[in-house]
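Comments concern the structure below.
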Amino acid sequence: MNGHQSPLKAHAGAGWWTQHWRTPAVCLVLVAITFAVFGQTLTHEFVDFDDNVYVYENPVVAQGLTLKGLVWALTDDTVDHWHPLTWLSHMADCQVYGLRAGGHHLTNVALHAAAVVFLFLALREMTGSLWRSAFVAAVFAIHPLRAESVAWIAERKDVLGGVFFMLTLWAYARYARRPSRGRSAAVALLYCLGLLCKNTMVTLPFVLLLLDWWPLHRVKPDGTDGGKVGAAGLVALWGKLVKEKIPLFLISAGSCLVTVLAPQKVIDSAQIPLLERLGNAVVSYGIYLRQTVFPAGLATPYLYPPNGQPFWKVALAFVLLAAIFVCVLACRKKRPYLLVGWLWFLGMLVPAIGIVQISFHAHADRFTYLPGIGLVMAGTWMAGDWGMGWKHRRAVLGGLMAAVTAALMFCAWKQTAYWQNSEVLSTHTLACATDNYVARTVLGNVLLRKGSVDKAIFQYQQALQINPDYARAHNNLGIALLQNGSVDEAISQYQQALQIQSDYTQAHENLGNALLQKGRVDEAIAHYQQALQIYPDYAEAHCNLGNALLRKGRVDEAIAHFQRALQLVPADSRTKNNLAQVLAAASLRKGGKAVELARQANTLTGGENPIFLHTLATVLAEAGQYPEAVETAQRALRLAGAQSNPALAAQLQLELKCYQAGKPFHIFEQAH
């Protein structure tokens, strides 16, 4: 089929074998190659690039599907995006898989496979070309640029939104063949669902106008539609096509409004001059072109150049883009797919190209998830038309398709392997760009969790040498210094982080912890309260504020904050332990509830933590259950000795004598 063949004729001439065997076979192959590349992610872990915010440290998401979660998904702007369907999909995963990363990865891969199949079916419906549609879908499925969108759990919005994007295309193709109100409503509904997953799909109505020209041929390239019409007739025809999409444009406008209302969605553009943003946008277009053809050196994130893009890069990229535009415009009548594919690519990237700056990234692989389809589609149809006169055309083109697919699969498999965990990913990024301060900070986080505190400090310091204004590196360096016992230095780092970013909730909370260690309780309370003013559902800040309030003897307030923390994170063993201690105090005498909480906390920690066993023994004694209190205290004493914790062992020996004598040990009476 050439670029002008009617899809209606193609469908009419297709035989039973093509209709009933080839299409489902292609779908199965597309799913198979998708899982062959990305199936490895089922053994991958969460990564420190936003997976914590989206899933494993998000208390609402981690609870699974709840009514509270539904309300939160519709109203929360924690990550500066409004995508309630994406949130609900993460909650559904937590409901089914808990916090096992493999299950979340499986959902991403399955959604991407579904998007691939629906893309193939949509192109097949619009063009009538089986193999060209199959190849476009295959390249979309396994191009290395897809690794970031599929292998990164936090990018669920890409693959979920992609499913609804492809379904919208498919529904629109069916509407274009036989318009009806029902089919028009289906297009609008699917488009709405897509925007509820990712709001960068706002450009889709413009894509549908491009598809009206080619391949749907609702407007002929030569300006005819079943007969010669003048310029006025052509304008009227385009006006009719635009008019039928007014509901979609209104939906887009509504999505843009919601985006603008998100308080932190658009960063302060005054920090980056308009000319620098425009220059970076032009260079980014060129980079995306290069990465599509030659996908090497892919990493995450690509940081915004501190002084903007060099002029020569901007000029070179502009000349390249202009030359391509002139060429595809010149070929618009004979090869309309070139202009359609090029405008698809350019237009769909507009929301993320950086003219309106929404992140510190200069560009990102994931931004090409949907825009890249236009380039592949244009290239595929051009190659097919070029080969029309070749001898053994089918064999040659089939061999080229197989070779390209195999090469892309290998590169994508390798790129996906870098996403197995935070350490591998950040190390790979640093191999591509040693001055990437974000990757150094993430690597520092990994080393800190492994107990390599000095190595973590080195990475944070390296990150701050590159960018002294990176608040997260200051905050995390403070955490590492605190673990090393350098409390004053840690306080200084937290304060610097807050000077850079005054609404940094974690830095407020960490500074409170450090001040509490120095005995500066009132200052600590003030910072916990500031953290909670910024983010009222910050469970850890509630728990730590409760501890600080206890130091001031404000027991009732402390209990309220412990209880709020447990409402937010019901399975938090530390908060249960703290609340159990307070409720068991002599002044409260709520031993029954305290025992229940202490047992839950002990179970959550595996029953082998001497600190939690210590609490359980204390509250058992308060409740008058002395034999079990003695047994629990003795077990805690053995574990404290085995773990070389002499202070806890001495305390347990003191308390054990009370329990053996049938007396409780009133912990708060001793403390106050």
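The way I read the labels, and the way they are meant: chains A, B, ... in the order of the structure tokens, residue 1 as the first residue of every chain, and ligand 1 as the first ligand shown, with later ones counted on from there.
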
Sorted by chain and rising residue number, which residues of segment 310-370 of chain A lie within 12 Å of segment 181-199 of chain A, and what are their closest atom pairs and distances in Å to one decimal, counting only C-alpha atoms, as a Markdown table?
| residue | atom | partner | partner_atom | distance |
| --- | --- | --- | --- | --- |
| A:Met348 | CA | A:Asn199 | CA | 11.6 |
| A:Pro351 | CA | A:Asn199 | CA | 9.0 |
| A:Ala352 | CA | A:Asn199 | CA | 10.4 |
| A:Phe367 | CA | A:Lys198 | CA | 11.5 |
| A:Tyr369 | CA | A:Lys198 | CA | 11.8 |
| A:Leu370 | CA | A:Lys198 | CA | 11.4 |

Shell of 8 Å around segment 163-171 of chain A, only C-alpha atoms, local chain residues under 2 positions omitted, as a PyMOL selection string = chain A and resi 111-112+114-115+118-119+121-123+125-126+159-161+173-175+183+186-188+190-191+193-194+201+208

Can I get the selection written as a short mmCIF file (atom, residue, chain, number, x, y, z; two decimals), in the first residue's frame, with N, CA and C atoms?
data_model
loop_
_atom_site.label_atom_id
_atom_site.label_comp_id
_atom_site.auth_asym_id
_atom_site.auth_seq_id
_atom_site.Cartn_x
_atom_site.Cartn_y
_atom_site.Cartn_z
N LEU A 111 0.78 -2.65 31.00
CA LEU A 111 0.14 -1.46 30.43
C LEU A 111 0.85 -1.02 29.16
N HIS A 112 2.18 -1.07 29.16
CA HIS A 112 2.91 -0.69 27.95
C HIS A 112 2.59 -1.66 26.82
N ALA A 114 -0.15 -3.29 26.40
CA ALA A 114 -1.50 -2.95 25.93
C ALA A 114 -1.47 -1.72 25.03
N ALA A 115 -0.69 -0.71 25.41
CA ALA A 115 -0.57 0.50 24.58
C ALA A 115 0.00 0.15 23.21
N PHE A 118 -2.73 -1.56 21.13
CA PHE A 118 -3.76 -0.61 20.71
C PHE A 118 -3.22 0.37 19.66
N LEU A 119 -1.95 0.71 19.73
CA LEU A 119 -1.36 1.55 18.68
C LEU A 119 -1.40 0.83 17.34
N LEU A 121 -3.45 -1.56 16.39
CA LEU A 121 -4.83 -1.67 15.93
C LEU A 121 -5.35 -0.33 15.42
N ALA A 122 -4.95 0.77 16.08
CA ALA A 122 -5.40 2.09 15.63
C ALA A 122 -4.80 2.42 14.27
N LEU A 123 -3.50 2.19 14.09
CA LEU A 123 -2.88 2.46 12.80
C LEU A 123 -3.43 1.54 11.72
N GLU A 125 -6.42 0.35 11.64
CA GLU A 125 -7.75 0.87 11.32
C GLU A 125 -7.67 2.10 10.42
N MET A 126 -6.69 2.97 10.68
CA MET A 126 -6.60 4.22 9.94
C MET A 126 -5.99 4.06 8.56
N VAL A 159 2.70 5.12 30.80
CA VAL A 159 2.16 3.89 30.19
C VAL A 159 0.64 3.82 30.34
N LEU A 160 0.11 4.27 31.48
CA LEU A 160 -1.34 4.27 31.66
C LEU A 160 -1.98 5.30 30.74
N GLY A 161 -1.40 6.49 30.69
CA GLY A 161 -1.91 7.49 29.76
C GLY A 161 -1.77 7.03 28.31
N ALA A 173 -10.54 6.76 14.79
CA ALA A 173 -10.50 6.16 13.46
C ALA A 173 -11.85 5.55 13.11
N ARG A 174 -12.48 4.91 14.07
CA ARG A 174 -13.80 4.32 13.84
C ARG A 174 -14.86 5.41 13.66
N TYR A 175 -14.73 6.49 14.42
CA TYR A 175 -15.65 7.62 14.25
C TYR A 175 -15.50 8.23 12.86
N ARG A 183 -20.05 7.44 18.95
CA ARG A 183 -18.61 7.30 18.71
C ARG A 183 -17.86 8.57 19.09
N ALA A 186 -17.48 8.50 22.77
CA ALA A 186 -16.44 7.54 23.18
C ALA A 186 -15.06 8.17 23.06
N VAL A 187 -14.84 8.93 21.98
CA VAL A 187 -13.55 9.62 21.81
C VAL A 187 -13.32 10.59 22.95
N ALA A 188 -14.34 11.38 23.28
CA ALA A 188 -14.20 12.38 24.35
C ALA A 188 -13.96 11.71 25.70
N LEU A 190 -12.62 8.70 26.36
CA LEU A 190 -11.28 8.11 26.42
C LEU A 190 -10.22 9.20 26.56
N TYR A 191 -10.45 10.32 25.90
CA TYR A 191 -9.50 11.44 26.01
C TYR A 191 -9.48 11.98 27.44
N LEU A 193 -10.14 10.33 30.16
CA LEU A 193 -9.45 9.34 30.99
C LEU A 193 -7.93 9.44 30.81
N GLY A 194 -7.51 9.70 29.58
CA GLY A 194 -6.07 9.87 29.34
C GLY A 194 -5.51 11.07 30.08
N MET A 201 -1.09 15.17 27.52
CA MET A 201 -1.84 14.73 26.36
C MET A 201 -2.75 15.82 25.80
N LEU A 208 -5.30 14.75 16.06
CA LEU A 208 -6.45 14.23 15.32
C LEU A 208 -6.69 15.05 14.06
#

Write out as a PyMOL selection string the residues lying within 10 Å of Asn578 of chain A, counting only C-alpha atoms and excluding same-chain residues fewer than 2 positions away.
-> chain A and resi 543-544+546-547+558-559+562+573-576+580-583+594+597-598+601+612+615

If you count only C-alpha atoms, which residues fall within 7 Å of segment 621-637 of chain A, apart from same-chain ones fewer than 6 positions away, as a list of chain:residue names?
-> A:Ala584, A:Gly591, A:Gly592, A:Pro610, A:Leu613, A:His614, A:Ala649, A:Leu652, A:Leu656, A:Tyr659, A:Gln660, A:Gly662, A:Pro664

Once DSSP has gone over the backbone, tell me which residues of segment 24-124 of chain A are in helix (DSSP H, G or I), as number ranges by chain.
-> A: 24-43, 51-56, 59-62, 67-75, 84-97, 101-124

Can you tell me, as a list of chain:residue names, what residues are no more than 10 Å from Pro468 of chain A when counting only C-alpha atoms, ignoring any on the same chain fewer than 4 positions away?
->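 Final neighbour list, sorted by chain and number: A:Tyr437, A:Gln461, A:Gln462, A:Ala463, A:Leu464, A:Ala473, A:His474, A:Gln496, A:Ala497, A:Ile500.
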
Could you please take those selected residues and save N, CA and C atoms as a PDB file, in the first residue's frame?
ATOM      1  N   TYR A 437      24.916  16.069  39.630  1.00  0.00           N
ATOM      2  CA  TYR A 437      24.823  16.163  41.092  1.00  0.00           C
ATOM      3  C   TYR A 437      23.621  15.398  41.646  1.00  0.00           C
ATOM      4  N   GLN A 461      29.123  15.657  49.245  1.00  0.00           N
ATOM      5  CA  GLN A 461      30.026  16.802  49.126  1.00  0.00           C
ATOM      6  C   GLN A 461      30.398  17.061  47.668  1.00  0.00           C
ATOM      7  N   GLN A 462      30.590  15.980  46.899  1.00  0.00           N
ATOM      8  CA  GLN A 462      30.861  16.135  45.468  1.00  0.00           C
ATOM      9  C   GLN A 462      29.676  16.790  44.756  1.00  0.00           C
ATOM     10  N   ALA A 463      28.467  16.367  45.131  1.00  0.00           N
ATOM     11  CA  ALA A 463      27.264  16.959  44.528  1.00  0.00           C
ATOM     12  C   ALA A 463      27.192  18.451  44.821  1.00  0.00           C
ATOM     13  N   LEU A 464      27.551  18.843  46.043  1.00  0.00           N
ATOM     14  CA  LEU A 464      27.472  20.252  46.431  1.00  0.00           C
ATOM     15  C   LEU A 464      28.608  21.082  45.829  1.00  0.00           C
ATOM     16  N   ALA A 473      20.858  17.699  48.531  1.00  0.00           N
ATOM     17  CA  ALA A 473      22.190  17.230  48.913  1.00  0.00           C
ATOM     18  C   ALA A 473      22.572  17.763  50.292  1.00  0.00           C
ATOM     19  N   HIS A 474      22.228  19.023  50.575  1.00  0.00           N
ATOM     20  CA  HIS A 474      22.484  19.577  51.912  1.00  0.00           C
ATOM     21  C   HIS A 474      21.724  18.772  52.970  1.00  0.00           C
ATOM     22  N   GLN A 496      21.162  25.289  55.820  1.00  0.00           N
ATOM     23  CA  GLN A 496      21.470  25.719  54.455  1.00  0.00           C
ATOM     24  C   GLN A 496      20.418  25.226  53.470  1.00  0.00           C
ATOM     25  N   ALA A 497      19.946  24.003  53.686  1.00  0.00           N
ATOM     26  CA  ALA A 497      18.892  23.468  52.819  1.00  0.00           C
ATOM     27  C   ALA A 497      17.640  24.329  52.901  1.00  0.00           C
ATOM     28  N   ILE A 500      17.836  27.637  51.064  1.00  0.00           N
ATOM     29  CA  ILE A 500      17.623  27.464  49.624  1.00  0.00           C
ATOM     30  C   ILE A 500      16.159  27.182  49.326  1.00  0.00           C
TER      31      ILE A 500
END

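If you count only C-alpha atoms and ignore residues fewer than 5 places along the chain from Val569 of chain A, what sits within 10 Å of it is Glu57, Asn58, Pro59, Val60, Ala62, Gln63, Asp537, Tyr538, Ala539, Glu540, Gln563, Arg564 and Thr575 of chain A.
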
Ala439 of chain A: which residues within 8 Å, counting only C-alpha atoms, same-chain residues fewer than 4 positions away excluded, as a list in words?
->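 Listed by chain and then number, they are Pro301, Ser426, Thr427, Thr429, Leu430 and Leu443 of chain A.
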
Among segment 272-402 of chain A, which residues carry a DSSP assignment of strand (DSSP E), reported as a list in words?
->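 Here are the strand (DSSP E) residues of segment 272-402 of chain A: Tyr302, Leu303, His361, Ala362 and His363 of chain A.
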
Those selected residues, please, written with N, CA and C atoms and delivered as a PDB file, in the first residue's frame.
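To be explicit, this is the file written out as again-v1.pdb:
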ATOM      1  N   TYR A 302      18.875  14.255  32.753  1.00  0.00           N
ATOM      2  CA  TYR A 302      19.738  15.173  32.017  1.00  0.00           C
ATOM      3  C   TYR A 302      19.507  16.557  32.618  1.00  0.00           C
ATOM      4  N   LEU A 303      20.503  17.095  33.267  1.00  0.00           N
ATOM      5  CA  LEU A 303      20.314  18.332  34.023  1.00  0.00           C
ATOM      6  C   LEU A 303      20.384  19.561  33.122  1.00  0.00           C
ATOM      7  N   HIS A 361      15.144  19.456  34.524  1.00  0.00           N
ATOM      8  CA  HIS A 361      15.674  18.618  33.455  1.00  0.00           C
ATOM      9  C   HIS A 361      15.783  19.422  32.156  1.00  0.00           C
ATOM     10  N   ALA A 362      16.901  19.276  31.464  1.00  0.00           N
ATOM     11  CA  ALA A 362      17.024  19.883  30.146  1.00  0.00           C
ATOM     12  C   ALA A 362      16.138  19.147  29.149  1.00  0.00           C
ATOM     13  N   HIS A 363      16.084  17.848  29.287  1.00  0.00           N
ATOM     14  CA  HIS A 363      15.216  16.994  28.473  1.00  0.00           C
ATOM     15  C   HIS A 363      15.139  15.661  29.193  1.00  0.00           C
TER      16      HIS A 363
END

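As for atom CA of Arg178 of chain A and atom CA of Pro336 of chain A, they are spaced 23.0 Å apart.
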
Quick one: of A:Gly162, A:Pro371, A:Gly389, A:Pro205, who's nearest to Tyr288 of chain A, counting only C-alpha atoms?
->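 Selected residue with least distance to Tyr288 of chain A: A:Pro371.
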
For Ala417 of chain A, which of A:Gly39, A:Pro570, A:Pro306, A:Gly254 is the closest residue, counting only C-alpha atoms?
->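 Closest residue, counting only C-alpha atoms: A:Gly39.
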
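For the choices A:Thr300, A:Gln309, A:Ser359, A:Thr434, the atom-to-atom distance to Val283 of chain A is smallest for A:Gln309 when using only C-alpha atoms.
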